[in-house]
Each structure stands twice: as C-alpha cells, then as structure tokens.
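These notes are about the structure you will find just below.
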Amino acid sequence: MGRTRNYNGTRVTEVKKEKMMARTGADVVVEALLKEGVEVAFGYPGGAILDVFDRLYKAQDKFRFILVRHEQGAAHMADGYARATGKPGVCVVTSGPGATNTVTGIATAYMDSIPMVIISGQVPSYYIGNDAFQEADVTGITRPITKHNYLVKNVKDLPRVMKEAFYIARTGRPGPVLVDIAKDVQKAVCEEPYPETVDLPSYQPKYEGHINQIKKMAEAIKKSKRPVAYVGGGVILSNASEELYTFIKKTRIPVTMTLMGLGAYPSTEPESLHMLGMHGTRYANYAVQESDLLLAIGARFDDRVTGKLDGFAPHATIVHVDIDPTSIAKNVKVHIPVVGDVKDVLTKLNKIVEAPEIEEWRARIAEWKERYPLTYELRDDEIIAQEVIVAIGKLTHGEAIITTDVGQHQMWAAQFLPFTRPRRWITSGGLGTMGFGLPSAIGAQVGFPDQLVINISGDGGIQMVAQELATARINRLPVICVILNNAYLGMVRQWQELFYDKQYAMTCLERTVECALWCGGPGSECPGYIPDFVKLAEAHDCYGQRIRKREEIEPALKGAFERARKERRPCVLEFMVAREENVYPMVPAGARLDQMIDRLI
Amino acid sequence: MKHTISVLVRNQFGVLARVAGLFSGRGYNIDSLSVAETQDPQFSRMTIVSHGDEAVLEQIVKQLNKLIDVVKVTDYHDHDKDCVMRELALIKVHTTPQTRGEIMQIVNIFRAKVVDISPKTMMIEVTGPEAKLEALIEMLRPFGIKEMVQSGRVALSRK
Ligand SMILES: Cc1ncc(C[n+]2csc(CCOP(=O)(O)OP(=O)(O)O)c2C)c(N)n1
Ligand SMILES: [Mg+2]
C-alpha cells in the first residue's frame, strides 16, 4: 500500500499499482522488443498507440527511444539503422496519419529488402470499418509494400504475431513487416506467453544452395574465357563480402557492383570494375556486354542496370545466385539458377572452384579501365559537386558511413567515393526516395554513435526531411549533412536538358513568382535561394556553413568532422556548386549498356 | 493460354486480398475464383483461373509461393491429364409446352439436372469441365437463356 495526498491535501490510500498491474497487450509489445534484442525504436505517439507508449516510457532504462519529427523520418531512421548494423529497425507509430506517413519509408525498405518491424496503433477492434476517427486500413495500404503484415484484433494472437514479425523480417530475403494493433488489444490482459520459436510451415526460406547447381557454376567458370561477376545488395544483406573476396582473389574474375552492391568488394582492388548500369563505368558496361559468362550474385537485373533487355550481355551464359526464387529468371533468361543464401553458395563454391584462364580478358579490361576512367572537368569560377565528393572520399578513405538522397549527387557519390567495406554505403536504390539521406544517417549514427556519418543530400531532397535536424541535435547524433546545392532538381533537369529540349519545367528551386514566365536559364538576375540553409541549421542549433571556393572545401569538411566529434551536434555544410552539370557516362533509357553517352569534349 | 492455379492457404483473413493483389497489381484479371475450406479447417484451397503472358503468370505463381500464408501452389494447364477440373452452372432457360421435351432430351444427353421448373422456365444444373458447360449452353441458347450463373473452377490432382 502506498500513501499519497489527493488534490485538497487530505490523505488517501492508494493501492500499490505495480502488484495489481496485469500484463497487457502493450506490455507484450515491450516484452517482444526486449526479447528480440531491440536496442532502439524510432517513432511518434498518438491516440491509438498511447498504451504502448506508456509502457515504452517505463522501459526507457532498457532501450532507447528516438522521438522523430515526422513518421517518414522514423521509418527511414529504422531503415538506416538496419542497413548499417544488420539488425532489424523498429518504428512505433499511431493509427491513420501516423501510419500513412510511414508508407514511403516502408516502400523504400521493401524495395531494398531491409529488415524492419513497424508497429502501428489501430482504432479499437469494435470500431474497425466504421470510419472511426484516425482510422485507415493500414494493412490494406501496406500489403503490397511489406513482406508480410498483421492486423491484431485479439490479444491472444499478439505474442505469436510479434515473434513471427521479427522472424519474417530478418530471415530469407529480409523485408519490412507491419503489425497493426487495435487499441483495445493493447489494453487487454494477455495470458499467452511469448513464444520461444515460430511455427510457420508455410514459410521455410531456403538457405542452402544445391550442390549440383554449384558444381555446374564451377564448371562454367573453369571453361569461361571472359567471365564477369555482377554483384548486388544480396551480398551485403547476406554478410558474404568475405566469401566474395575469397572467390574473386581465387579466380581473379573482374567484378562489378550495382548501386546497392557498392562496398561488397573493395572498389580499390584491381579486380573491381566499380558500378555498372545507367551511370556505371564504361569499362564495367563494356565488360558485361562482352562477357561469355555473367555471374549474377545477389542482384536482380533491375532496368537501371541492364539497359535495353534484349541487348543485355548478348554472349553470356548467365548464372544467377539468389535467395529469392522469384528474382530468378524474372527479367532475363538464366542458364544456371542457384537458389540459396549467397554466403552458403559462395562458401561451397570456394571449396571446388578453379581459376579460369583469363589473362587476355584481364588485359583487355585493364586497357578499358585505362582508356575510359570516370572523369569530370573542374571550372575556374565555381566548384562542382564531384570535387566535393572526391574530397570527402580523400578525407574518409571509405571508413565513414555515407548516406545519400536521390539525384545527381547520389550518382556522383556512387561514382567518385571509394568503397572498401560493406554497410558503409546507405542509399535508396529500388524506390529512389528523395529525403532518405538525413534520416537514414541519423539511424546509422544511432547504431554507431562514435562513427563518422555523412549524409550527402541534394538541395531538393534535404527539404523533404529537414525537420529531422532537430531529432539529430536533440539526441546528440552528430551527423554531417552535406548539401550539394545546384538550386535544381538536378537529375530531372539533366533529363530535361538531354531529352526535353532544355525546357527546365518546374525543376528550378530558386525560381520565384517574380521570375520571367519562360526563363532563359540561370544567370545573375536569379533571385537568390530560399531557404537559407545555414540559418536553417542554426535554427536547429546545428553548425552551419556555406562554401563557395575550392580551397575552402577540405578545411570545411575537416572542421566539421572535428566539430561534430567535439560538440556532438550535427553540422550542415552547404556547397554552392555549378548549376548545370551532368552525370556521365549515361545509358539513355531504352538503350543498350554499351550505347553510353558522354560529355562533349 | 489459360492457367488453373490451385493455392493451398492458411485459413486467415486477408489471404484472399493478398492473393488477389498479386493479380490486380499487375493489371491481370482473374477469370474465375473459388475458395473454400479443405478437409482440415486450418487450410483453404483457392482455385484461380487466369490467362495472359506466360512470363507474367509464371512470376505470379512464384510470388504466390512467396506469400507467408501460402502453403502450396500448383499450376495446371488446360488439358492437364493429371487433374480433374470441374465447373458448375445454373441456367434458366425459356420454355414452352412445345420445347420442354426437346430441352429435357438435351439435359439428359449432358447428364445435367432440372432443378426448378415453372410454366415458362426451367432451371438446369450442370457440372463438368468447361467444354461440356460451353457445349450445353450453346445447345440451350436457341431456346432463350433468361439468366445464367457459373461457379469458379475447382481442380484436384489425381496423384
Ligand atoms: C520523393 C521523390 N519525389 C520525386 C523524385 C523524382 N526525382 C528524382 S531525382 C530528383 C531531383 C533531386 O534533386 P536534388 O535533391 O536537388 O538532387 P540533385 O539531383 O540536384 O543532386 C527528383 C525530383 C524522387 N526520386 N523522389
Ligand atoms: Mg539539386
């Protein structure tokens, strides 16, 4: 029995709460997070999830909760955390608008196969379907963008569902799983224990590659004259970089990576052809087109990679290693399919594989590499985005965690940064989500508090999520936020320049209503950029700096790295870069990989 | 070509939406669908008939396999000898005292059944493979079909 006073000061006796409190659905959620080893959750409260937040609050000493400023931010943070650490990211949001705000983040994670568990409150079960306040059919909305989802209307199911959700999110081909929990379920008393294991006969991911297929793969390698390995994000998800390294060093097969695969094999090694595809290197694309054996490992033949499908790798026997049978033969004809976890397949392959005789091929590729390096042209009067990225690479040597938004800056980062390890490169590949960079950097920083984390954003993308600077500052997450300000939605402008008669329709971010209706392009009469990103940084109590000159680039970066570490607050560096600069080489949509266009010299 | 896809699923709410979503998300129509519990009430069997690009259907079948609630998928082609496929139709046909006898004869030939009769109409029930139903309908058409309803196809493997 505890004693306390009521509002007018008279003593009243209060039943001691702790003893009376039965375990409710909300307790089960917290229990699940603890039992599943969750160290941090990202989210935002609201009416339909109040009970869970009440219990989360009490468990604050057991794990961390990051209160965001927009639920999309929570989803991207959970995603960035998952990509950096390999552990599932968790977010907790309310019903209706809270849940719908996570949709972009869930779809982003789904497209890149990132393990995540999203817990959303739902209106009480007896209101579901009645257009109740803040009701949305969240399982319906997220069905095509989750690996699986649940609506929990009975507290009896909750322990099992929570267990399954984590299991499904992290096994097989990973992905986001959403659990929508009716408010009365959160309040209801639960007697079912939290299960130790899952019982899901209809879900049995296959990890072991079939040895006969692996033998066929080894034979094809032995016979090949012009092999190329084409590796994707699956290698990183499967934590198979070491096995890949052994394989490549043993066979000396040239290896190219997709945007998602960067970091799977060190780009600094001689066998690396760096990235292939639309903005890949010429030598990677030429090598794929000329290859007689293409080893696709944890990659999925995305259209940004293959270019025109019926002209893709026309001479190659195609081997495809993937954990997901639906990926195999989806876009191209595969001659040797190997269903299994990349790590398992490569481990088995490394035991039997023999190096092919490919000296001639390697020499040919070396020549391409020599002849067609990635290039950029410095300008006298202004800095360009590429040199900022090169400077970041030079100062960090692939050791920092780098996140990006989507656009030109993303492609330049992919082209010009060195990548030496997996899980240091975090970018939205499949969905191509602007606004991903800052929150995913925050999530990665939560996972690695002492690591240098740099977000590289465009001036467009950062404005979709800039409010999360507050989240970063308040939680002492000292991310570096580099804004490459070209005052354009640069990637779209590039397409307009190349394919739409240079009509920059709605892509100028400096444009105001005072501008001429049909503007002739950027010039001295331009009105000045809104917002002022330095002031924006300062308004969030972050450090802000604007950089215009070449000689300021490295000192500004070094200064920010130092400051972030010492002051433990985010630093925003706005680089004013050339406005009309294009990403090259480029495979125009619908063209073959070897039909790349380049800048006019 | 037509595909008859038999899907054994966990008997849970939302499963039908998940399965249907794989078709609708690709702009594919489901020609027919039937769902009911199996001998084990934990599971239901759906039989889906669809047609379209082979590669797309192959992808749908793979995706069906990937759904967490799906236990087993079998893709039967038309004229598959390894399975029995049946559909059911109820056909309300216009009759006169003069045509009634002729219609009865047709019904007998097809081993169909008369399940309702009124002075001006007769309702006929027929089960069988699609071709049989089509043939009967063609035979009855000249008499005037007032209304008709057809079930989705069901299929079961002989093995
Ligand atoms: C949420 C979202 N909306 C629209 C797009 C289409 N889009 C792709 S790149 C791009 C321009 C990005 O501009 P910015 O962030 O300034 O980067 P830049 O290309 O200039 O480096 C746009 C609008 C997108 N990818 N994501
Ligand atoms: Mg821009």
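The chains in the structure tokens are called A, B, ... from first to last as shown; in each chain the residues are counted from 1, and the ligands are counted from 1 in the order shown.
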
Which residues in chain B does DSSP call helix (DSSP H, G or I)? List them as a ChimeraX atom specification. /B:15-24,54-66,100-109,130-143

If you count only C-alpha atoms, which residues fall within 8 Å of Lys120 (chain B), apart from same-chain ones fewer than 6 positions away, as a PyMOL selection string? chain B and resi 94-96

Give me a file of those residues, with C-alpha atoms, as a PDB file, in the first residue's frame.
```
ATOM      1  CA  HIS B  94     -37.194 -20.138 -71.566  1.00  0.00           C
ATOM      2  CA  THR B  95     -39.638 -22.979 -72.243  1.00  0.00           C
ATOM      3  CA  THR B  96     -42.963 -23.561 -73.959  1.00  0.00           C
TER       4      THR B  96
END
```

Show me which residues line ligand 1, defined as having an atom within 6 Å of a ligand atom where only C-alpha atoms and all ligand atoms count, and present them as a PDB file with all heavy atoms, in the first residue's frame.
```pdb
ATOM      1  N   VAL A 406      18.449  11.121 -53.363  1.00  0.00           N
ATOM      2  CA  VAL A 406      18.372  10.581 -54.714  1.00  0.00           C
ATOM      3  C   VAL A 406      18.513  11.709 -55.718  1.00  0.00           C
ATOM      4  O   VAL A 406      17.889  12.762 -55.565  1.00  0.00           O
ATOM      5  CB  VAL A 406      17.040   9.836 -54.913  1.00  0.00           C
ATOM      6  CG1 VAL A 406      16.822   9.459 -56.362  1.00  0.00           C
ATOM      7  CG2 VAL A 406      17.033   8.586 -54.045  1.00  0.00           C
ATOM      8  N   GLY A 407      19.356  11.492 -56.697  1.00  0.00           N
ATOM      9  CA  GLY A 407      19.552  12.511 -57.718  1.00  0.00           C
ATOM     10  C   GLY A 407      20.982  12.473 -58.212  1.00  0.00           C
ATOM     11  O   GLY A 407      21.687  11.464 -58.067  1.00  0.00           O
ATOM     12  N   GLN A 408      21.405  13.578 -58.788  1.00  0.00           N
ATOM     13  CA  GLN A 408      22.758  13.639 -59.343  1.00  0.00           C
ATOM     14  C   GLN A 408      23.813  13.402 -58.279  1.00  0.00           C
ATOM     15  O   GLN A 408      24.778  12.666 -58.484  1.00  0.00           O
ATOM     16  CB  GLN A 408      22.972  15.017 -59.973  1.00  0.00           C
ATOM     17  CG  GLN A 408      22.160  15.243 -61.226  1.00  0.00           C
ATOM     18  CD  GLN A 408      22.509  16.573 -61.875  1.00  0.00           C
ATOM     19  OE1 GLN A 408      22.571  17.600 -61.204  1.00  0.00           O
ATOM     20  NE2 GLN A 408      22.742  16.551 -63.171  1.00  0.00           N
ATOM     21  N   HIS A 409      23.619  14.060 -57.117  1.00  0.00           N
ATOM     22  CA  HIS A 409      24.626  13.933 -56.059  1.00  0.00           C
ATOM     23  C   HIS A 409      24.805  12.471 -55.651  1.00  0.00           C
ATOM     24  O   HIS A 409      25.891  12.032 -55.321  1.00  0.00           O
ATOM     25  CB  HIS A 409      24.195  14.764 -54.844  1.00  0.00           C
ATOM     26  CG  HIS A 409      22.924  14.277 -54.252  1.00  0.00           C
ATOM     27  ND1 HIS A 409      21.693  14.578 -54.795  1.00  0.00           N
ATOM     28  CD2 HIS A 409      22.689  13.443 -53.222  1.00  0.00           C
ATOM     29  CE1 HIS A 409      20.754  13.956 -54.093  1.00  0.00           C
ATOM     30  NE2 HIS A 409      21.335  13.263 -53.136  1.00  0.00           N
ATOM     31  N   GLY A 432      14.241   4.748 -54.894  1.00  0.00           N
ATOM     32  CA  GLY A 432      14.798   6.054 -55.267  1.00  0.00           C
ATOM     33  C   GLY A 432      14.094   7.171 -54.531  1.00  0.00           C
ATOM     34  O   GLY A 432      13.520   8.078 -55.135  1.00  0.00           O
ATOM     35  N   THR A 433      14.156   7.135 -53.201  1.00  0.00           N
ATOM     36  CA  THR A 433      13.374   8.046 -52.374  1.00  0.00           C
ATOM     37  C   THR A 433      14.157   9.295 -51.988  1.00  0.00           C
ATOM     38  O   THR A 433      15.116   9.220 -51.212  1.00  0.00           O
ATOM     39  CB  THR A 433      12.944   7.323 -51.080  1.00  0.00           C
ATOM     40  OG1 THR A 433      12.338   6.087 -51.445  1.00  0.00           O
ATOM     41  CG2 THR A 433      11.971   8.162 -50.283  1.00  0.00           C
ATOM     42  N   MET A 434      13.769  10.437 -52.534  1.00  0.00           N
ATOM     43  CA  MET A 434      14.340  11.705 -52.066  1.00  0.00           C
ATOM     44  C   MET A 434      13.959  11.879 -50.595  1.00  0.00           C
ATOM     45  O   MET A 434      12.853  11.518 -50.193  1.00  0.00           O
ATOM     46  CB  MET A 434      13.759  12.879 -52.855  1.00  0.00           C
ATOM     47  CG  MET A 434      14.349  13.072 -54.220  1.00  0.00           C
ATOM     48  SD  MET A 434      13.430  14.350 -55.102  1.00  0.00           S
ATOM     49  CE  MET A 434      13.940  15.824 -54.220  1.00  0.00           C
ATOM     50  N   GLY A 458      20.935  16.414 -51.879  1.00  0.00           N
ATOM     51  CA  GLY A 458      20.702  17.486 -52.830  1.00  0.00           C
ATOM     52  C   GLY A 458      19.923  18.589 -52.119  1.00  0.00           C
ATOM     53  O   GLY A 458      19.372  18.373 -51.035  1.00  0.00           O
ATOM     54  N   ASP A 459      19.871  19.751 -52.732  1.00  0.00           N
ATOM     55  CA  ASP A 459      19.116  20.841 -52.112  1.00  0.00           C
ATOM     56  C   ASP A 459      17.617  20.555 -52.157  1.00  0.00           C
ATOM     57  O   ASP A 459      16.858  21.073 -51.342  1.00  0.00           O
ATOM     58  CB  ASP A 459      19.426  22.179 -52.805  1.00  0.00           C
ATOM     59  CG  ASP A 459      19.240  22.117 -54.314  1.00  0.00           C
ATOM     60  OD1 ASP A 459      19.836  21.224 -54.945  1.00  0.00           O
ATOM     61  OD2 ASP A 459      18.496  22.950 -54.860  1.00  0.00           O
ATOM     62  N   GLY A 460      17.196  19.705 -53.093  1.00  0.00           N
ATOM     63  CA  GLY A 460      15.789  19.328 -53.139  1.00  0.00           C
ATOM     64  C   GLY A 460      15.456  18.329 -52.039  1.00  0.00           C
ATOM     65  O   GLY A 460      14.560  18.544 -51.226  1.00  0.00           O
ATOM     66  N   GLY A 461      16.187  17.239 -51.995  1.00  0.00           N
ATOM     67  CA  GLY A 461      15.899  16.148 -51.068  1.00  0.00           C
ATOM     68  C   GLY A 461      15.932  16.581 -49.620  1.00  0.00           C
ATOM     69  O   GLY A 461      15.058  16.194 -48.831  1.00  0.00           O
ATOM     70  N   ASN A 486      22.749  22.870 -56.118  1.00  0.00           N
ATOM     71  CA  ASN A 486      22.797  23.345 -57.506  1.00  0.00           C
ATOM     72  C   ASN A 486      21.510  24.101 -57.846  1.00  0.00           C
ATOM     73  O   ASN A 486      21.276  24.446 -58.997  1.00  0.00           O
ATOM     74  CB  ASN A 486      23.019  22.181 -58.480  1.00  0.00           C
ATOM     75  CG  ASN A 486      22.019  21.045 -58.260  1.00  0.00           C
ATOM     76  OD1 ASN A 486      21.023  21.216 -57.564  1.00  0.00           O
ATOM     77  ND2 ASN A 486      22.287  19.901 -58.871  1.00  0.00           N
ATOM     78  N   TYR A 488      18.734  23.205 -58.314  1.00  0.00           N
ATOM     79  CA  TYR A 488      17.880  22.494 -59.270  1.00  0.00           C
ATOM     80  C   TYR A 488      17.524  21.128 -58.715  1.00  0.00           C
ATOM     81  O   TYR A 488      18.285  20.569 -57.900  1.00  0.00           O
ATOM     82  CB  TYR A 488      18.624  22.251 -60.595  1.00  0.00           C
ATOM     83  CG  TYR A 488      18.525  23.381 -61.578  1.00  0.00           C
ATOM     84  CD1 TYR A 488      19.674  24.044 -61.995  1.00  0.00           C
ATOM     85  CD2 TYR A 488      17.294  23.762 -62.111  1.00  0.00           C
ATOM     86  CE1 TYR A 488      19.599  25.081 -62.918  1.00  0.00           C
ATOM     87  CE2 TYR A 488      17.218  24.808 -63.034  1.00  0.00           C
ATOM     88  CZ  TYR A 488      18.368  25.459 -63.434  1.00  0.00           C
ATOM     89  OH  TYR A 488      18.295  26.473 -64.341  1.00  0.00           O
ATOM     90  N   LEU A 489      16.432  20.606 -59.171  1.00  0.00           N
ATOM     91  CA  LEU A 489      16.195  19.172 -59.063  1.00  0.00           C
ATOM     92  C   LEU A 489      17.059  18.593 -60.174  1.00  0.00           C
ATOM     93  O   LEU A 489      16.612  18.335 -61.292  1.00  0.00           O
ATOM     94  CB  LEU A 489      14.712  18.865 -59.259  1.00  0.00           C
ATOM     95  CG  LEU A 489      13.809  19.495 -58.177  1.00  0.00           C
ATOM     96  CD1 LEU A 489      12.338  19.303 -58.511  1.00  0.00           C
ATOM     97  CD2 LEU A 489      14.132  18.917 -56.812  1.00  0.00           C
ATOM     98  N   GLY A 490      18.335  18.484 -59.835  1.00  0.00           N
ATOM     99  CA  GLY A 490      19.368  18.332 -60.859  1.00  0.00           C
ATOM    100  C   GLY A 490      19.178  17.146 -61.784  1.00  0.00           C
ATOM    101  O   GLY A 490      19.350  17.262 -62.995  1.00  0.00           O
ATOM    102  N   MET A 491      18.836  15.999 -61.217  1.00  0.00           N
ATOM    103  CA  MET A 491      18.732  14.817 -62.068  1.00  0.00           C
ATOM    104  C   MET A 491      17.591  14.964 -63.063  1.00  0.00           C
ATOM    105  O   MET A 491      17.704  14.544 -64.220  1.00  0.00           O
ATOM    106  CB  MET A 491      18.542  13.568 -61.196  1.00  0.00           C
ATOM    107  CG  MET A 491      18.541  12.282 -61.967  1.00  0.00           C
ATOM    108  SD  MET A 491      20.021  12.110 -62.975  1.00  0.00           S
ATOM    109  CE  MET A 491      21.058  11.138 -61.892  1.00  0.00           C
ATOM    110  N   VAL A 492      16.514  15.577 -62.627  1.00  0.00           N
ATOM    111  CA  VAL A 492      15.386  15.763 -63.537  1.00  0.00           C
ATOM    112  C   VAL A 492      15.760  16.819 -64.583  1.00  0.00           C
ATOM    113  O   VAL A 492      15.479  16.671 -65.770  1.00  0.00           O
ATOM    114  CB  VAL A 492      14.118  16.170 -62.763  1.00  0.00           C
ATOM    115  CG1 VAL A 492      12.925  16.281 -63.699  1.00  0.00           C
ATOM    116  CG2 VAL A 492      13.825  15.163 -61.662  1.00  0.00           C
TER     117      VAL A 492
END
```

Selection: 12 Å around Lys159 (chain B), only C-alpha atoms, excl. self and same-chain fewer than 6 positions, as number ranges by chain: B: 81-84

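Nearest-residue note for chain B: choosing from A:Ile383, A:Leu56, A:Ala329, A:Ile336, the minimum distance belongs to A:Ala329, counting only C-alpha atoms.
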
Could you name the residues that touch Arg423 (chain A) at 12 Å or less, counting only C-alpha atoms, but leaving out those on the same chain fewer than 2 positions away, as number ranges by chain? A: 80-87, 114, 233-241, 260-265, 398-403, 419-421, 425-427, 444, 447-448, 453

Please, could you write that set of residues out with N, CA, C and O atoms as a compact mmCIF listing (two decimals), in the first residue's frame?
```txt
# COMPACT_ATOMS: atom_id res chain seq x y z
N GLY A 80 17.86 3.04 -41.97
CA GLY A 80 19.30 3.35 -41.95
C GLY A 80 20.02 2.58 -40.86
O GLY A 80 21.13 2.08 -41.05
N TYR A 81 19.35 2.46 -39.72
CA TYR A 81 19.90 1.70 -38.60
C TYR A 81 20.10 0.23 -39.03
O TYR A 81 21.14 -0.38 -38.80
N ALA A 82 19.08 -0.31 -39.69
CA ALA A 82 19.15 -1.71 -40.13
C ALA A 82 20.24 -1.91 -41.17
O ALA A 82 20.99 -2.89 -41.11
N ARG A 83 20.35 -1.01 -42.11
CA ARG A 83 21.38 -1.17 -43.15
C ARG A 83 22.77 -1.10 -42.55
O ARG A 83 23.69 -1.81 -42.99
N ALA A 84 22.96 -0.20 -41.57
CA ALA A 84 24.30 -0.04 -41.00
C ALA A 84 24.67 -1.19 -40.08
O ALA A 84 25.80 -1.66 -40.08
N THR A 85 23.69 -1.66 -39.28
CA THR A 85 24.01 -2.66 -38.26
C THR A 85 23.68 -4.09 -38.67
O THR A 85 24.21 -5.03 -38.10
N GLY A 86 22.78 -4.25 -39.62
CA GLY A 86 22.33 -5.59 -39.98
C GLY A 86 21.20 -6.09 -39.08
O GLY A 86 20.65 -7.15 -39.31
N LYS A 87 20.86 -5.33 -38.04
CA LYS A 87 19.76 -5.74 -37.16
C LYS A 87 18.46 -5.10 -37.65
O LYS A 87 18.48 -4.04 -38.26
N ILE A 114 15.14 -4.59 -46.76
CA ILE A 114 15.71 -4.22 -45.46
C ILE A 114 14.81 -4.73 -44.33
O ILE A 114 13.60 -4.49 -44.35
N GLY A 233 23.07 -6.00 -53.82
CA GLY A 233 22.84 -5.82 -52.40
C GLY A 233 22.68 -7.12 -51.62
O GLY A 233 22.87 -7.15 -50.41
N GLY A 234 22.34 -8.20 -52.32
CA GLY A 234 22.19 -9.50 -51.66
C GLY A 234 23.46 -9.94 -50.96
O GLY A 234 23.41 -10.59 -49.91
N VAL A 235 24.62 -9.58 -51.52
CA VAL A 235 25.89 -9.96 -50.90
C VAL A 235 26.03 -9.25 -49.54
O VAL A 235 26.48 -9.84 -48.56
N ILE A 236 25.57 -8.01 -49.50
CA ILE A 236 25.67 -7.24 -48.26
C ILE A 236 24.65 -7.75 -47.24
O ILE A 236 24.98 -7.99 -46.09
N LEU A 237 23.41 -7.98 -47.71
CA LEU A 237 22.37 -8.48 -46.80
C LEU A 237 22.76 -9.83 -46.21
O LEU A 237 22.42 -10.15 -45.07
N SER A 238 23.48 -10.62 -46.98
CA SER A 238 23.84 -11.97 -46.54
C SER A 238 25.19 -11.96 -45.79
O SER A 238 25.65 -13.02 -45.36
N ASN A 239 25.78 -10.80 -45.62
CA ASN A 239 27.09 -10.67 -44.96
C ASN A 239 28.13 -11.59 -45.60
O ASN A 239 28.84 -12.32 -44.91
N ALA A 240 28.18 -11.56 -46.92
CA ALA A 240 29.03 -12.51 -47.64
C ALA A 240 30.22 -11.83 -48.31
O ALA A 240 30.82 -12.40 -49.22
N SER A 241 30.59 -10.65 -47.87
CA SER A 241 31.70 -9.94 -48.53
C SER A 241 33.00 -10.72 -48.44
O SER A 241 33.78 -10.73 -49.39
N MET A 260 23.37 -0.88 -55.12
CA MET A 260 23.15 -1.48 -53.80
C MET A 260 24.32 -2.37 -53.37
O MET A 260 24.45 -2.69 -52.20
N GLY A 261 25.10 -2.79 -54.34
CA GLY A 261 26.20 -3.72 -54.02
C GLY A 261 27.50 -3.02 -53.68
O GLY A 261 28.47 -3.67 -53.27
N LEU A 262 27.57 -1.69 -53.84
CA LEU A 262 28.81 -0.98 -53.58
C LEU A 262 29.27 -1.25 -52.16
O LEU A 262 28.48 -1.18 -51.22
N GLY A 263 30.54 -1.60 -52.02
CA GLY A 263 31.07 -1.96 -50.71
C GLY A 263 31.17 -3.47 -50.52
O GLY A 263 31.86 -3.94 -49.63
N ALA A 264 30.49 -4.23 -51.38
CA ALA A 264 30.55 -5.69 -51.27
C ALA A 264 31.96 -6.18 -51.58
O ALA A 264 32.45 -7.14 -50.99
N TYR A 265 32.62 -5.52 -52.53
CA TYR A 265 34.01 -5.83 -52.87
C TYR A 265 34.74 -4.49 -52.93
O TYR A 265 34.20 -3.52 -53.47
N GLY A 398 36.80 5.70 -47.32
CA GLY A 398 35.82 4.61 -47.24
C GLY A 398 35.52 4.18 -45.81
O GLY A 398 34.82 3.20 -45.60
N GLU A 399 36.05 4.90 -44.82
CA GLU A 399 35.81 4.49 -43.43
C GLU A 399 34.51 5.07 -42.86
O GLU A 399 33.94 4.52 -41.93
N ALA A 400 34.07 6.20 -43.39
CA ALA A 400 32.86 6.82 -42.85
C ALA A 400 31.62 6.09 -43.39
O ALA A 400 31.68 5.45 -44.43
N ILE A 401 30.53 6.20 -42.66
CA ILE A 401 29.24 5.73 -43.18
C ILE A 401 28.67 6.88 -44.01
O ILE A 401 28.57 8.01 -43.52
N ILE A 402 28.35 6.61 -45.26
CA ILE A 402 27.83 7.66 -46.13
C ILE A 402 26.38 7.32 -46.50
O ILE A 402 26.10 6.20 -46.94
N THR A 403 25.50 8.27 -46.34
CA THR A 403 24.13 8.09 -46.82
C THR A 403 23.88 9.14 -47.89
O THR A 403 24.59 10.14 -47.97
N PHE A 419 34.90 2.69 -51.99
CA PHE A 419 34.08 1.81 -51.15
C PHE A 419 34.94 0.62 -50.76
O PHE A 419 35.37 -0.13 -51.62
N THR A 420 35.20 0.51 -49.47
CA THR A 420 36.12 -0.55 -49.06
C THR A 420 35.46 -1.64 -48.23
O THR A 420 36.01 -2.71 -48.08
N ARG A 421 34.31 -1.35 -47.67
CA ARG A 421 33.64 -2.34 -46.81
C ARG A 421 32.14 -2.28 -47.00
O ARG A 421 31.60 -1.24 -47.38
N TRP A 425 27.73 2.22 -46.99
CA TRP A 425 27.11 2.98 -48.09
C TRP A 425 25.61 2.73 -48.03
O TRP A 425 25.15 1.60 -48.17
N ILE A 426 24.85 3.78 -47.73
CA ILE A 426 23.43 3.62 -47.45
C ILE A 426 22.65 4.54 -48.37
O ILE A 426 22.71 5.76 -48.25
N THR A 427 21.94 3.94 -49.32
CA THR A 427 21.26 4.74 -50.33
C THR A 427 19.99 4.02 -50.76
O THR A 427 19.91 2.80 -50.66
N ALA A 444 21.75 5.43 -38.76
CA ALA A 444 23.07 4.79 -38.76
C ALA A 444 23.90 5.30 -37.58
O ALA A 444 24.62 4.54 -36.92
N GLY A 447 23.07 3.60 -34.45
CA GLY A 447 23.72 2.29 -34.41
C GLY A 447 25.20 2.38 -34.09
O GLY A 447 25.76 1.51 -33.42
N PHE A 448 25.85 3.41 -34.59
CA PHE A 448 27.30 3.59 -34.38
C PHE A 448 27.57 5.01 -33.89
O PHE A 448 27.97 5.88 -34.66
N VAL A 453 29.50 9.79 -39.58
CA VAL A 453 28.38 9.52 -40.51
C VAL A 453 28.13 10.78 -41.33
O VAL A 453 27.93 11.86 -40.78
```

Would you please extract all strand (DSSP E or B) residues from region 54-138 of chain B, as assigned by DSSP on the backbone, and give them as number ranges by chain? B: 70-77, 83-94, 113-117, 121-128

Show me which bits of chain B are within 6 Å of chain A, counting only C-alpha atoms, as number ranges by chain. B: 62, 68, 70-71

Same residues, C-alpha atoms, saved as an mmCIF file, in the first residue's frame:
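File result21.cif, as written:
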```
data_model
loop_
_atom_site.group_PDB
_atom_site.id
_atom_site.type_symbol
_atom_site.label_atom_id
_atom_site.label_comp_id
_atom_site.auth_asym_id
_atom_site.auth_seq_id
_atom_site.Cartn_x
_atom_site.Cartn_y
_atom_site.Cartn_z
ATOM 1 C CA LYS B 62 6.350 -17.694 -57.902
ATOM 2 C CA ILE B 68 3.739 -16.209 -45.961
ATOM 3 C CA VAL B 70 0.521 -19.800 -48.851
ATOM 4 C CA VAL B 71 1.359 -23.441 -48.230
#
```

Would you mind listing what lies within 7 Å of Gln150 (chain B) as an MDAnalysis selection string, with only C-alpha atoms counted and same-chain residues fewer than 5 positions away left out? chainID B and resid 88:90

Generate a file of the selected residues that holds N, CA and C atoms, formatted as a PDB file, in the first residue's frame.
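Just written: out-v1.pdb:
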```pdb
ATOM      1  N   LEU B  88     -19.469 -25.513 -62.346  1.00  0.00           N
ATOM      2  CA  LEU B  88     -20.911 -25.731 -62.215  1.00  0.00           C
ATOM      3  C   LEU B  88     -21.631 -24.527 -62.801  1.00  0.00           C
ATOM      4  N   ALA B  89     -22.771 -24.799 -63.478  1.00  0.00           N
ATOM      5  CA  ALA B  89     -23.579 -23.688 -63.985  1.00  0.00           C
ATOM      6  C   ALA B  89     -25.047 -23.924 -63.656  1.00  0.00           C
ATOM      7  N   LEU B  90     -25.748 -22.851 -63.367  1.00  0.00           N
ATOM      8  CA  LEU B  90     -27.213 -22.888 -63.264  1.00  0.00           C
ATOM      9  C   LEU B  90     -27.740 -22.040 -64.419  1.00  0.00           C
TER      10      LEU B  90
END
```

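Our summary of the geometry notes that CA of Asp450 (chain A) is positioned 18.3 Å from CA of Tyr543 (chain A).
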